[in-house]
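As stored in my_file14.txt (compact mmCIF, C-alpha atoms):
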```
# COMPACT_ATOMS: atom_id res chain seq x y z
CA MET A 1 162.71 25.95 160.26
CA ARG A 2 162.81 28.32 163.22
CA LEU A 3 161.94 31.98 162.90
CA THR A 4 165.03 33.47 164.54
CA ALA A 5 166.20 37.02 165.13
CA ASP A 6 168.91 36.42 162.50
CA MET A 7 166.31 35.38 159.89
CA ILE A 8 164.30 38.52 160.66
CA ALA A 9 167.41 40.70 160.27
CA ARG A 10 168.26 39.05 156.92
CA SER A 11 164.72 39.15 155.46
CA PRO A 12 163.66 41.77 152.92
CA ALA A 13 161.94 44.89 154.25
CA TYR A 14 160.46 47.57 152.03
CA ILE A 15 157.67 50.10 151.49
CA ASN A 16 154.74 48.21 149.92
CA PRO A 17 152.30 49.61 147.30
CA ILE A 18 150.02 51.08 149.98
CA LYS A 19 152.99 52.97 151.49
CA ASP A 20 153.30 50.74 154.57
CA ARG A 21 156.60 49.36 155.82
CA GLU A 22 156.48 45.59 155.27
CA LEU A 23 158.60 42.64 156.43
CA ASP A 24 158.76 39.71 153.98
CA LEU A 25 159.08 36.28 155.63
CA ARG A 26 157.51 34.29 152.80
CA GLY A 27 158.57 30.77 151.87
CA ASN A 28 160.96 29.96 154.73
CA LYS A 29 159.29 26.71 155.93
CA ILE A 30 158.54 28.44 159.26
CA SER A 31 156.46 26.20 161.54
CA VAL A 32 156.02 28.44 164.61
CA ILE A 33 155.58 32.22 164.89
CA GLU A 34 158.22 33.32 167.42
CA ASN A 35 160.85 36.00 168.10
CA LEU A 36 158.79 38.76 166.45
CA ALA A 37 159.95 41.05 169.27
CA ALA A 38 163.16 41.27 167.23
CA THR A 39 161.26 43.40 164.69
CA GLN A 40 161.30 46.18 167.31
CA ASN A 41 157.68 47.03 166.36
CA GLN A 42 158.87 48.77 163.18
CA PHE A 43 156.53 47.20 160.59
CA ASP A 44 152.99 48.10 159.52
CA SER A 45 152.64 44.81 157.63
CA ILE A 46 154.17 41.35 158.12
CA ASP A 47 153.94 38.73 155.35
CA ILE A 48 154.39 35.14 156.59
CA SER A 49 152.70 33.46 153.62
CA ASP A 50 153.83 30.16 152.05
CA ASN A 51 155.12 28.59 155.26
CA GLU A 52 154.11 25.64 157.49
CA ILE A 53 152.45 27.41 160.44
CA ARG A 54 149.71 25.44 162.23
CA LYS A 55 148.76 27.81 165.04
CA LEU A 56 148.30 31.56 164.65
CA GLU A 57 149.88 32.99 167.79
CA CYS A 58 152.38 35.62 168.91
CA LEU A 59 154.02 36.33 172.27
CA ALA A 60 155.35 39.77 171.30
CA VAL A 61 153.17 42.88 171.45
CA LEU A 62 153.28 44.82 168.16
CA PRO A 63 150.97 47.86 168.25
CA ARG A 64 152.26 49.22 164.94
CA THR A 65 151.32 46.16 162.88
CA LYS A 66 148.04 46.68 161.01
CA MET A 67 148.24 43.86 158.46
CA LEU A 68 149.09 40.15 158.71
CA LEU A 69 149.39 38.03 155.56
CA LEU A 70 149.32 34.26 156.19
CA THR A 71 148.16 32.78 152.88
CA ASN A 72 149.10 29.15 152.12
CA ASN A 73 149.94 27.84 155.59
CA ARG A 74 148.43 25.01 157.64
CA ILE A 75 146.68 27.09 160.29
CA ASN A 76 143.93 25.19 162.12
CA ARG A 77 143.97 27.13 165.41
CA ILE A 78 143.94 30.80 166.39
CA ALA A 79 145.29 31.79 169.81
CA SER A 80 142.76 33.35 172.17
CA ASP A 81 145.11 36.25 173.03
CA LEU A 82 146.01 37.21 169.44
CA GLY A 83 144.27 40.54 169.89
CA ARG A 84 146.67 41.37 172.74
CA ALA A 85 149.65 40.75 170.46
CA PHE A 86 148.22 42.87 167.61
CA PRO A 87 145.97 45.44 169.31
CA ASN A 88 145.62 47.63 166.19
CA ILE A 89 145.29 44.93 163.53
CA GLU A 90 143.00 45.91 160.63
CA THR A 91 143.66 43.34 157.89
CA LEU A 92 144.07 39.58 158.37
CA ILE A 93 144.52 37.35 155.31
CA LEU A 94 144.18 33.62 156.06
CA THR A 95 143.44 32.39 152.54
CA ASN A 96 144.07 28.66 151.92
CA ASN A 97 144.53 27.35 155.46
CA HIS A 98 142.93 24.54 157.49
CA LEU A 99 140.28 26.26 159.62
CA GLY A 100 137.31 23.87 159.60
CA THR A 101 134.59 24.84 162.10
CA LEU A 102 132.86 27.95 163.37
CA ARG A 103 134.33 27.21 166.80
CA ASP A 104 137.80 27.68 165.28
CA LEU A 105 136.81 31.30 164.57
CA GLU A 106 135.49 32.19 168.04
CA THR A 107 138.80 33.75 169.07
CA LEU A 108 138.57 36.30 166.24
CA ALA A 109 136.14 38.16 168.51
CA GLY A 110 139.23 39.25 170.47
CA MET A 111 140.30 41.36 167.47
CA PRO A 112 137.52 43.97 167.24
CA THR A 113 139.70 46.35 165.20
CA LEU A 114 139.60 44.03 162.15
CA THR A 115 138.07 45.66 159.06
CA ILE A 116 139.23 43.22 156.35
CA LEU A 117 139.32 39.41 156.74
CA SER A 118 139.89 36.63 154.21
CA LEU A 119 139.17 32.98 154.94
CA VAL A 120 138.85 31.95 151.29
CA ASP A 121 139.73 28.27 150.64
CA ASN A 122 139.26 27.24 154.28
CA THR A 123 136.76 24.45 154.91
CA VAL A 124 134.92 26.63 157.42
CA THR A 125 133.56 28.80 154.60
CA LYS A 126 131.25 25.89 153.66
CA GLN A 127 129.63 25.82 157.10
CA HIS A 128 125.98 26.91 157.33
CA ASN A 129 125.64 30.62 158.26
CA TYR A 130 129.43 31.08 158.14
CA ARG A 131 129.33 34.68 156.92
CA ALA A 132 126.65 35.72 159.38
CA PHE A 133 128.58 34.17 162.27
CA VAL A 134 131.85 35.97 161.42
CA ILE A 135 130.13 39.31 160.78
CA SER A 136 128.33 39.15 164.13
CA ARG A 137 131.63 38.58 165.97
CA LEU A 138 133.52 41.49 164.39
CA PRO A 139 131.67 44.82 164.78
CA ASN A 140 134.05 46.85 162.58
CA LEU A 141 134.48 44.32 159.77
CA ARG A 142 133.77 45.89 156.36
CA VAL A 143 135.06 43.25 153.92
CA LEU A 144 134.85 39.47 154.32
CA ASP A 145 136.45 37.18 151.72
CA PHE A 146 136.92 40.19 149.43
CA LYS A 147 133.18 40.90 149.45
CA LYS A 148 131.86 44.09 151.02
CA ILE A 149 129.48 43.72 153.96
CA LYS A 150 126.28 45.68 153.41
CA PRO A 151 124.23 47.19 156.27
CA ASN A 152 121.31 44.83 155.74
CA GLU A 153 123.66 41.81 155.82
CA ARG A 154 125.11 42.98 159.14
CA ALA A 155 121.66 43.60 160.57
CA ALA A 156 120.56 40.08 159.62
CA ALA A 157 123.76 38.55 161.07
CA GLU A 158 123.38 40.39 164.37
CA ALA A 159 119.72 39.42 164.56
CA MET A 160 120.73 35.77 164.14
CA PHE A 161 123.78 35.56 166.43
CA GLY A 162 123.61 38.75 168.50
CA ALA A 163 125.72 41.87 168.10
CA ALA A 164 129.26 42.11 169.42
CA LYS A 165 129.87 45.02 171.77
CA ARG A 166 131.46 47.99 170.06
CA LYS A 167 134.35 49.33 172.12
CA PRO A 168 135.53 52.94 171.95
CA VAL A 169 138.74 53.46 169.99
CA THR A 170 141.70 53.81 172.34
CA THR A 171 145.42 54.21 171.97
CA ILE A 172 147.13 50.90 172.70
CA ALA A 173 150.84 50.79 173.39
CA ALA A 174 153.25 48.13 174.58
CA SER A 175 155.52 48.79 177.53
CA GLU A 176 159.02 47.42 177.92
CA THR A 177 157.64 44.56 180.03
CA GLY A 178 155.04 43.58 177.44
CA ALA A 179 152.06 44.86 179.45
CA VAL A 180 149.26 46.44 177.45
CA SER A 181 147.51 49.66 178.37
CA THR A 182 144.14 50.53 176.82
CA ALA A 183 143.75 53.94 178.44
CA PRO A 184 143.41 56.90 176.05
CA ALA A 185 146.77 58.55 175.55
CA PRO A 186 147.27 62.31 175.46
CA ALA A 187 149.68 62.04 172.52
CA PRO A 188 150.55 59.40 169.91
CA VAL A 189 153.09 56.86 171.04
CA GLN A 190 156.08 56.73 168.74
CA PRO A 191 157.19 53.15 168.04
CA LYS A 192 160.74 52.22 168.92
CA MET A 193 162.92 52.63 165.88
CA GLY A 194 164.42 49.52 164.39
CA PRO A 195 167.80 49.09 162.72
CA THR A 196 168.71 51.27 159.76
CA PRO A 197 170.05 49.65 156.54
CA GLU A 198 173.60 50.54 157.71
CA GLN A 199 172.99 48.87 161.08
CA ILE A 200 171.54 45.76 159.38
CA ALA A 201 174.73 45.54 157.29
CA GLN A 202 176.78 45.87 160.49
CA ILE A 203 174.75 43.09 162.15
CA LYS A 204 175.41 40.76 159.22
CA GLU A 205 179.12 41.66 159.27
CA ALA A 206 179.38 41.05 163.02
CA ILE A 207 177.68 37.63 162.83
CA ALA A 208 179.79 36.61 159.82
CA GLY A 209 182.96 37.55 161.70
CA ALA A 210 181.99 35.80 164.96
CA SER A 211 184.52 33.21 166.08
CA SER A 212 182.34 31.25 168.53
CA LEU A 213 178.71 30.32 169.30
CA GLU A 214 178.96 32.37 172.50
CA GLU A 215 179.87 35.44 170.46
CA VAL A 216 176.89 34.85 168.11
CA ALA A 217 174.56 34.49 171.13
CA LYS A 218 175.77 37.84 172.54
CA LEU A 219 175.17 39.53 169.18
CA GLU A 220 171.63 38.10 168.94
CA LYS A 221 170.91 39.30 172.48
CA ALA A 222 172.13 42.79 171.56
CA LEU A 223 169.95 42.74 168.42
CA LYS A 224 166.81 41.80 170.37
CA ALA A 225 167.53 44.56 172.89
CA GLY A 226 168.16 47.10 170.13
CA ASN A 227 171.69 47.66 171.44
CA TYR A 228 173.24 48.62 168.10
CA ASP A 229 176.06 50.54 169.82
CA TYR A 230 177.33 47.24 171.24
CA ILE A 231 177.30 45.70 167.75
CA SER A 232 179.23 48.67 166.31
CA GLN A 233 181.82 48.44 169.10
CA HIS A 234 182.07 44.68 168.54
CA ILE A 235 182.82 45.19 164.83
CA ALA A 236 185.45 47.83 165.67
CA GLU A 237 187.15 45.36 168.07
CA GLN A 238 187.06 42.64 165.37
CA LYS A 239 188.76 45.01 162.90
CA ARG A 240 191.42 46.06 165.44
CA ALA A 241 192.19 42.42 166.23
CA ALA A 242 192.45 41.60 162.52
CA ALA A 243 194.74 44.59 161.93
CA LEU A 244 197.04 43.55 164.76
CA ALA A 245 197.19 39.98 163.47
CA SER A 246 198.19 41.17 159.99
CA THR A 247 200.85 43.68 161.13
CA PRO A 248 204.41 42.21 160.77
CA ALA A 249 206.55 42.18 163.88
CA PRO A 250 209.29 44.87 163.97
CA ALA A 251 212.76 43.68 162.92
CA ALA A 252 215.25 43.05 165.71
CA ALA A 253 217.74 45.91 166.26
CA GLN A 254 221.22 45.27 164.82
CA PRO A 255 224.11 45.56 167.34
CA PRO A 256 226.49 48.49 166.66
CA PRO A 257 229.77 47.64 164.86
CA PRO A 258 232.85 47.16 167.13
CA ALA A 259 234.99 50.22 167.67
CA GLU A 260 238.28 50.34 165.73
CA ALA A 261 241.51 50.06 167.73
CA PRO A 262 243.55 53.28 167.86
CA ALA A 263 246.54 53.39 165.47
CA ASP A 264 250.14 53.09 166.94
CA SER A 265 251.99 56.40 166.96
```
Exercise: express the given structure as structure tokens:
Amino acid sequence: MRLTADMIARSPAYINPIKDRELDLRGNKISVIENLAATQNQFDSIDISDNEIRKLECLAVLPRTKMLLLTNNRINRIASDLGRAFPNIETLILTNNHLGTLRDLETLAGMPTLTILSLVDNTVTKQHNYRAFVISRLPNLRVLDFKKIKPNERAAAEAMFGAAKRKPVTTIAASETGAVSTAPAPAPVQPKMGPTPEQIAQIKEAIAGASSLEEVAKLEKALKAGNYDYISQHIAEQKRAAALASTPAPAAAQPPPPAEAPADS
């Protein structure tokens, strides 16, 4: 099943136990991660567990997202530019996937902000020196497979595989064109606000009332662009059209009665 803007709009969103705003995309038989730009960068956490994803990738740039949950998928590849898509990612849960070799994990080095990583129940965890290899690639990692990394374990890993370069913390924001800037910012960048619960209800109402595929396509385009005013206007036009269709036509005017003839004198 495709991950569409409509599915994102219809999926549950809530404040999770650690007070982060989370999008729940679990159990939808999603095979490819796509259209995440439709989230409008409004979620701290995205849960895509219990799906059928084979490659961990993302074309959108989502600086706000700090946690990705991808338990119980079929992931056997990780895109080399994943760190560009999630420049501030801290937690990545890949429990019970199909990552098999240390080479499959090389691209994790492009995500230096990671502090928590789970690869439990992946074949790669049985590889010789697996923990040391992963620790050496991620300089800020504190917990691997739900086990804390101690200073002496990190020192031994870096002695074995070399230490990854530690980069200074910078503010990373996405522009409208998708370009990424890593220059320090003078002030925090406020993420673009997504739809409110009222606007989500309006989106569902507009799509349900659409009379053609072309109309649905225009609504999806407006949703991706965050043009909620267009959707509100569209709903108002739908209601006006429905009101006109249900209004009975005015009765025809009755002709005046004929004038009486004057009486004979």
Region 15-23 of chain A: which residues within 8 Å, counting all atoms listed in the file, same-chain residues fewer than 3 positions away excluded, as a list in words?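 Near region 15-23 of chain A, the qualifying residues are Ser11, Pro12, Gln42, Phe43, Asp44, Ser45, Ile46 and Asp47 of chain A.
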Selection: 6 Å around region 75-77 of chain A, only C-alpha atoms, excl. self and same-chain fewer than 4 positions, as a PyMOL selection string: chain A and resi 53-55+97-99
Top pick for closest residue to His128 (chain A), considering A:Thr101, A:Asn28, A:Thr107, A:Thr113 and counting all atoms listed in the file: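 Smallest distance to His128 (chain A) is found for A:Thr101.
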From the list A:Lys66, A:Arg84, A:Arg2, A:Lys150, the nearest residue to Ile30 (chain A) using all atoms listed in the file is A:Arg2
For a test of reading the model, state the distance in Å between CA of Ala156 (chain A) and CA of Tyr130 (chain A), rounded to one decimal. 12.7 Å
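Relative to CA of Arg103 (chain A), CA of Ile78 (chain A) is found at 10.3 Å.
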What is the CA of Asn35 (chain A) to CA of Ala60 (chain A) distance in Å?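 Rounded to one decimal, the two atoms are 7.4 Å apart.
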Measuring between all atoms listed in the file, which one of A:Ala9, A:Ala109, A:Leu144, A:Ile116 shows the shortest distance to Ala163 (chain A)?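 Nearest candidate to Ala163 (chain A) out of A:Ala9, A:Ala109, A:Leu144, A:Ile116: A:Ala109.
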With only C-alpha atoms as the atoms that count, which of A:Asp24, A:Glu34, A:Glu237, A:Asp50 lies nearest to Ala5 (chain A)?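 Between A:Asp24, A:Glu34, A:Glu237, A:Asp50, the residue approaching Ala5 (chain A) most closely is A:Glu34.
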Option closest in space to Glu90 (chain A), from A:Leu59, A:Ile8, A:Ala38, A:Leu117 [counting all atoms listed in the file]: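 Of A:Leu59, A:Ile8, A:Ala38, A:Leu117, the one nearest Glu90 (chain A), counting all atoms listed in the file, is A:Leu117.
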Can you tell me, as a ChimeraX atom specification, what residues are no more than 12 Å from Ala79 (chain A) when counting all atoms listed in the file, ignoring any on the same chain fewer than 6 positions away? /A:33,54-59,85-86,104-111
Missing atoms in region 138-155 of chain A should be modelled up to N, CA, C and O atoms and reported as a PDB file, in the frame of the given file.
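Saved file result.pdb follows:
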```pdb
ATOM      1  N   LEU A 138     132.562  40.417 164.668  1.00  0.00           N
ATOM      2  CA  LEU A 138     133.520  41.490 164.390  1.00  0.00           C
ATOM      3  C   LEU A 138     132.764  42.770 164.028  1.00  0.00           C
ATOM      4  O   LEU A 138     132.385  42.972 162.859  1.00  0.00           O
ATOM      5  N   PRO A 139     132.548  43.660 164.993  1.00  0.00           N
ATOM      6  CA  PRO A 139     131.670  44.820 164.780  1.00  0.00           C
ATOM      7  C   PRO A 139     132.177  45.835 163.768  1.00  0.00           C
ATOM      8  O   PRO A 139     131.383  46.602 163.218  1.00  0.00           O
ATOM      9  N   ASN A 140     133.495  45.861 163.508  1.00  0.00           N
ATOM     10  CA  ASN A 140     134.050  46.850 162.580  1.00  0.00           C
ATOM     11  C   ASN A 140     134.435  46.258 161.224  1.00  0.00           C
ATOM     12  O   ASN A 140     135.014  46.953 160.383  1.00  0.00           O
ATOM     13  N   LEU A 141     134.121  44.981 161.023  1.00  0.00           N
ATOM     14  CA  LEU A 141     134.480  44.320 159.770  1.00  0.00           C
ATOM     15  C   LEU A 141     133.690  44.914 158.611  1.00  0.00           C
ATOM     16  O   LEU A 141     132.462  45.040 158.672  1.00  0.00           O
ATOM     17  N   ARG A 142     134.406  45.288 157.540  1.00  0.00           N
ATOM     18  CA  ARG A 142     133.770  45.890 156.360  1.00  0.00           C
ATOM     19  C   ARG A 142     133.830  44.973 155.139  1.00  0.00           C
ATOM     20  O   ARG A 142     132.976  45.065 154.263  1.00  0.00           O
ATOM     21  N   VAL A 143     134.873  44.128 155.076  1.00  0.00           N
ATOM     22  CA  VAL A 143     135.060  43.250 153.920  1.00  0.00           C
ATOM     23  C   VAL A 143     135.393  41.845 154.419  1.00  0.00           C
ATOM     24  O   VAL A 143     136.341  41.658 155.182  1.00  0.00           O
ATOM     25  N   LEU A 144     134.605  40.867 153.973  1.00  0.00           N
ATOM     26  CA  LEU A 144     134.850  39.470 154.320  1.00  0.00           C
ATOM     27  C   LEU A 144     135.011  38.671 153.039  1.00  0.00           C
ATOM     28  O   LEU A 144     134.130  38.678 152.177  1.00  0.00           O
ATOM     29  N   ASP A 145     136.143  37.987 152.914  1.00  0.00           N
ATOM     30  CA  ASP A 145     136.450  37.180 151.720  1.00  0.00           C
ATOM     31  C   ASP A 145     136.342  38.027 150.452  1.00  0.00           C
ATOM     32  O   ASP A 145     135.794  37.599 149.429  1.00  0.00           O
ATOM     33  N   PHE A 146     136.855  39.260 150.550  1.00  0.00           N
ATOM     34  CA  PHE A 146     136.920  40.190 149.430  1.00  0.00           C
ATOM     35  C   PHE A 146     135.541  40.609 148.914  1.00  0.00           C
ATOM     36  O   PHE A 146     135.403  41.081 147.784  1.00  0.00           O
ATOM     37  N   LYS A 147     134.533  40.468 149.776  1.00  0.00           N
ATOM     38  CA  LYS A 147     133.180  40.900 149.450  1.00  0.00           C
ATOM     39  C   LYS A 147     132.711  41.885 150.516  1.00  0.00           C
ATOM     40  O   LYS A 147     132.762  41.586 151.708  1.00  0.00           O
ATOM     41  N   LYS A 148     132.272  43.056 150.092  1.00  0.00           N
ATOM     42  CA  LYS A 148     131.860  44.090 151.020  1.00  0.00           C
ATOM     43  C   LYS A 148     130.623  43.678 151.810  1.00  0.00           C
ATOM     44  O   LYS A 148     129.706  43.051 151.268  1.00  0.00           O
ATOM     45  N   ILE A 149     130.612  44.026 153.091  1.00  0.00           N
ATOM     46  CA  ILE A 149     129.480  43.720 153.960  1.00  0.00           C
ATOM     47  C   ILE A 149     128.503  44.888 153.920  1.00  0.00           C
ATOM     48  O   ILE A 149     128.842  46.018 154.287  1.00  0.00           O
ATOM     49  N   LYS A 150     127.292  44.639 153.499  1.00  0.00           N
ATOM     50  CA  LYS A 150     126.280  45.680 153.410  1.00  0.00           C
ATOM     51  C   LYS A 150     125.532  45.812 154.738  1.00  0.00           C
ATOM     52  O   LYS A 150     125.469  44.855 155.517  1.00  0.00           O
ATOM     53  N   PRO A 151     124.943  46.982 154.997  1.00  0.00           N
ATOM     54  CA  PRO A 151     124.230  47.190 156.270  1.00  0.00           C
ATOM     55  C   PRO A 151     123.132  46.173 156.539  1.00  0.00           C
ATOM     56  O   PRO A 151     122.975  45.716 157.679  1.00  0.00           O
ATOM     57  N   ASN A 152     122.390  45.797 155.500  1.00  0.00           N
ATOM     58  CA  ASN A 152     121.310  44.830 155.740  1.00  0.00           C
ATOM     59  C   ASN A 152     121.855  43.441 156.057  1.00  0.00           C
ATOM     60  O   ASN A 152     121.251  42.681 156.821  1.00  0.00           O
ATOM     61  N   GLU A 153     123.041  43.100 155.497  1.00  0.00           N
ATOM     62  CA  GLU A 153     123.660  41.810 155.820  1.00  0.00           C
ATOM     63  C   GLU A 153     124.123  41.796 157.270  1.00  0.00           C
ATOM     64  O   GLU A 153     123.947  40.809 157.978  1.00  0.00           O
ATOM     65  N   ARG A 154     124.690  42.905 157.735  1.00  0.00           N
ATOM     66  CA  ARG A 154     125.110  42.980 159.140  1.00  0.00           C
ATOM     67  C   ARG A 154     123.899  42.924 160.070  1.00  0.00           C
ATOM     68  O   ARG A 154     123.933  42.242 161.096  1.00  0.00           O
ATOM     69  N   ALA A 155     122.860  43.611 159.725  1.00  0.00           N
ATOM     70  CA  ALA A 155     121.660  43.600 160.570  1.00  0.00           C
ATOM     71  C   ALA A 155     121.097  42.194 160.705  1.00  0.00           C
ATOM     72  O   ALA A 155     120.717  41.765 161.806  1.00  0.00           O
TER      73      ALA A 155
END
```
